[in-house]
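First the structure, in the form of structure tokens, and then the observations on it.
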Amino acid sequence: MATSYSKLTRTLSKLSIDAPEVIAARMQMFAMPGAMLSARDRTEFARMYLEKQAAAVESCLSLWQNTVQVCQRAWTDLMLGQPATGPSAASVANMTDTALRPYQKRASANARRLRRRQ
């Protein structure tokens, strides 16, 4: 099983490769027709906007869920008379990975789809 650090590294690597490719493909697509966008380009523009909103909501929800779990562990420790500990570095890496994964999944899917479109 992969460690939290290797998962985060993989997610960041994929995101750093796919996101610029998607941005470049979309900018090229929008620059080509000039002022008049085709129906296909308008659909792509709407998709771009809506996907970012959906990824942001997913990311926030995953961060909220992980934060609640960390707080619950801390309160449980305090109620049991144990010293409360904060999140470990591995836990923070896992939280960061789960927050970035919605963006990475969409960027990878868009990169594959836009490669086929060209």
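How things are named: the first chain in the structure tokens is A, the next is B, and so on; residues count from 1 in each chain; ligands count from 1 in the order shown.
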Item to check | Long-range neighbours of region 48-56 of chain A as a ChimeraX atom specification, 8 Å cut-off, only C-alpha atoms, 6 positions minimum in chain | outcome: /A:102-103,106
Which polymer residues have any atom within 6 Å of an atom of region 85-101 of chain A, counting only C-alpha atoms, with same-chain residues fewer than 6 positions away left out, as an mmCIF file with N, CA, C and O atoms, in the first residue's frame?
data_model
loop_
_atom_site.group_PDB
_atom_site.id
_atom_site.type_symbol
_atom_site.label_atom_id
_atom_site.label_comp_id
_atom_site.auth_asym_id
_atom_site.auth_seq_id
_atom_site.Cartn_x
_atom_site.Cartn_y
_atom_site.Cartn_z
ATOM 1 N N SER A 4 1.045 7.930 2.507
ATOM 2 C CA SER A 4 0.373 9.204 2.277
ATOM 3 C C SER A 4 1.246 10.133 1.445
ATOM 4 O O SER A 4 0.756 10.868 0.588
ATOM 5 N N TYR A 5 2.546 10.096 1.710
ATOM 6 C CA TYR A 5 3.468 10.972 0.982
ATOM 7 C C TYR A 5 3.552 10.591 -0.491
ATOM 8 O O TYR A 5 3.572 11.461 -1.354
ATOM 9 N N LEU A 8 0.360 11.681 -2.241
ATOM 10 C CA LEU A 8 0.365 13.125 -2.466
ATOM 11 C C LEU A 8 1.314 13.490 -3.602
ATOM 12 O O LEU A 8 0.979 14.296 -4.471
ATOM 13 N N SER A 59 -13.539 19.334 -2.722
ATOM 14 C CA SER A 59 -12.320 19.576 -1.955
ATOM 15 C C SER A 59 -12.647 20.116 -0.564
ATOM 16 O O SER A 59 -12.107 19.645 0.440
#
Next on the checklist: Going by DSSP on the backbone, which residues of region 8-104 of chain A come out as alpha helix (DSSP H)? List them as a PyMOL selection string.
Outcome noted: chain A and resi 8-31+39-79+89-104
Put those residues in a file: C-alpha atoms, as a PDB file, in the first residue's frame.
ATOM      1  CA  LEU A   8       0.365  13.125  -2.466  1.00  0.00           C
ATOM      2  CA  THR A   9       3.454  13.143  -4.687  1.00  0.00           C
ATOM      3  CA  ARG A  10       1.628  11.161  -7.379  1.00  0.00           C
ATOM      4  CA  THR A  11      -1.403  13.454  -7.239  1.00  0.00           C
ATOM      5  CA  LEU A  12       0.746  16.590  -7.451  1.00  0.00           C
ATOM      6  CA  SER A  13       2.807  15.141 -10.314  1.00  0.00           C
ATOM      7  CA  LYS A  14      -0.244  14.211 -12.358  1.00  0.00           C
ATOM      8  CA  LEU A  15      -1.837  17.588 -11.683  1.00  0.00           C
ATOM      9  CA  SER A  16       1.315  19.471 -12.670  1.00  0.00           C
ATOM     10  CA  ILE A  17       1.435  17.612 -15.991  1.00  0.00           C
ATOM     11  CA  ASP A  18      -2.253  17.577 -16.922  1.00  0.00           C
ATOM     12  CA  ALA A  19      -3.377  21.062 -15.819  1.00  0.00           C
ATOM     13  CA  PRO A  20      -1.054  23.048 -18.122  1.00  0.00           C
ATOM     14  CA  GLU A  21      -1.951  20.738 -21.004  1.00  0.00           C
ATOM     15  CA  VAL A  22      -5.667  21.383 -20.451  1.00  0.00           C
ATOM     16  CA  ILE A  23      -5.134  25.127 -20.111  1.00  0.00           C
ATOM     17  CA  ALA A  24      -3.091  25.256 -23.324  1.00  0.00           C
ATOM     18  CA  ALA A  25      -5.619  23.178 -25.279  1.00  0.00           C
ATOM     19  CA  ARG A  26      -8.538  25.304 -24.119  1.00  0.00           C
ATOM     20  CA  MET A  27      -6.755  28.597 -24.773  1.00  0.00           C
ATOM     21  CA  GLN A  28      -5.898  27.424 -28.272  1.00  0.00           C
ATOM     22  CA  MET A  29      -9.500  26.326 -28.804  1.00  0.00           C
ATOM     23  CA  PHE A  30     -10.903  29.675 -27.675  1.00  0.00           C
ATOM     24  CA  ALA A  31      -8.362  31.741 -29.626  1.00  0.00           C
ATOM     25  CA  ALA A  39     -21.675  25.742 -29.803  1.00  0.00           C
ATOM     26  CA  ARG A  40     -19.026  23.128 -29.042  1.00  0.00           C
ATOM     27  CA  ASP A  41     -16.680  25.805 -27.682  1.00  0.00           C
ATOM     28  CA  ARG A  42     -19.448  27.367 -25.573  1.00  0.00           C
ATOM     29  CA  THR A  43     -20.189  23.934 -24.116  1.00  0.00           C
ATOM     30  CA  GLU A  44     -16.496  23.504 -23.309  1.00  0.00           C
ATOM     31  CA  PHE A  45     -16.406  26.928 -21.663  1.00  0.00           C
ATOM     32  CA  ALA A  46     -19.449  26.097 -19.513  1.00  0.00           C
ATOM     33  CA  ARG A  47     -17.953  22.718 -18.615  1.00  0.00           C
ATOM     34  CA  MET A  48     -14.702  24.397 -17.565  1.00  0.00           C
ATOM     35  CA  TYR A  49     -16.567  26.761 -15.257  1.00  0.00           C
ATOM     36  CA  LEU A  50     -18.875  24.146 -13.707  1.00  0.00           C
ATOM     37  CA  GLU A  51     -16.113  21.568 -13.186  1.00  0.00           C
ATOM     38  CA  LYS A  52     -14.071  24.039 -11.158  1.00  0.00           C
ATOM     39  CA  GLN A  53     -17.040  24.733  -8.901  1.00  0.00           C
ATOM     40  CA  ALA A  54     -17.763  21.035  -8.400  1.00  0.00           C
ATOM     41  CA  ALA A  55     -14.103  20.277  -7.636  1.00  0.00           C
ATOM     42  CA  ALA A  56     -13.980  23.140  -5.121  1.00  0.00           C
ATOM     43  CA  VAL A  57     -17.054  21.825  -3.314  1.00  0.00           C
ATOM     44  CA  GLU A  58     -15.647  18.271  -3.222  1.00  0.00           C
ATOM     45  CA  SER A  59     -12.320  19.576  -1.955  1.00  0.00           C
ATOM     46  CA  CYS A  60     -13.914  21.666   0.795  1.00  0.00           C
ATOM     47  CA  LEU A  61     -16.114  18.789   1.903  1.00  0.00           C
ATOM     48  CA  SER A  62     -13.164  16.411   2.151  1.00  0.00           C
ATOM     49  CA  LEU A  63     -11.172  18.965   4.161  1.00  0.00           C
ATOM     50  CA  TRP A  64     -14.136  19.561   6.442  1.00  0.00           C
ATOM     51  CA  GLN A  65     -14.626  15.824   6.977  1.00  0.00           C
ATOM     52  CA  ASN A  66     -10.942  15.285   7.804  1.00  0.00           C
ATOM     53  CA  THR A  67     -10.895  18.279  10.142  1.00  0.00           C
ATOM     54  CA  VAL A  68     -13.926  16.960  12.009  1.00  0.00           C
ATOM     55  CA  GLN A  69     -12.206  13.581  12.418  1.00  0.00           C
ATOM     56  CA  VAL A  70      -9.043  15.214  13.800  1.00  0.00           C
ATOM     57  CA  CYS A  71     -11.106  17.280  16.257  1.00  0.00           C
ATOM     58  CA  GLN A  72     -13.103  14.230  17.336  1.00  0.00           C
ATOM     59  CA  ARG A  73      -9.869  12.331  18.043  1.00  0.00           C
ATOM     60  CA  ALA A  74      -8.525  15.247  20.075  1.00  0.00           C
ATOM     61  CA  TRP A  75     -11.706  15.564  22.133  1.00  0.00           C
ATOM     62  CA  THR A  76     -11.852  11.799  22.699  1.00  0.00           C
ATOM     63  CA  ASP A  77      -8.248  11.864  23.939  1.00  0.00           C
ATOM     64  CA  LEU A  78      -9.049  14.733  26.292  1.00  0.00           C
ATOM     65  CA  MET A  79     -12.164  13.001  27.653  1.00  0.00           C
ATOM     66  CA  ALA A  89       2.538  14.761   9.165  1.00  0.00           C
ATOM     67  CA  ALA A  90       1.197  11.682   7.362  1.00  0.00           C
ATOM     68  CA  SER A  91      -2.335  12.724   8.265  1.00  0.00           C
ATOM     69  CA  VAL A  92      -1.758  16.221   6.878  1.00  0.00           C
ATOM     70  CA  ALA A  93      -0.306  14.718   3.688  1.00  0.00           C
ATOM     71  CA  ASN A  94      -3.404  12.521   3.370  1.00  0.00           C
ATOM     72  CA  MET A  95      -5.697  15.523   3.940  1.00  0.00           C
ATOM     73  CA  THR A  96      -3.849  17.499   1.277  1.00  0.00           C
ATOM     74  CA  ASP A  97      -4.051  14.583  -1.155  1.00  0.00           C
ATOM     75  CA  THR A  98      -7.795  14.155  -0.656  1.00  0.00           C
ATOM     76  CA  ALA A  99      -8.291  17.911  -1.116  1.00  0.00           C
ATOM     77  CA  LEU A 100      -6.323  17.983  -4.391  1.00  0.00           C
ATOM     78  CA  ARG A 101      -7.634  14.736  -5.848  1.00  0.00           C
ATOM     79  CA  PRO A 102     -10.921  16.189  -7.239  1.00  0.00           C
ATOM     80  CA  TYR A 103      -8.907  18.726  -9.240  1.00  0.00           C
ATOM     81  CA  GLN A 104      -6.414  16.104 -10.392  1.00  0.00           C
TER      82      GLN A 104
END
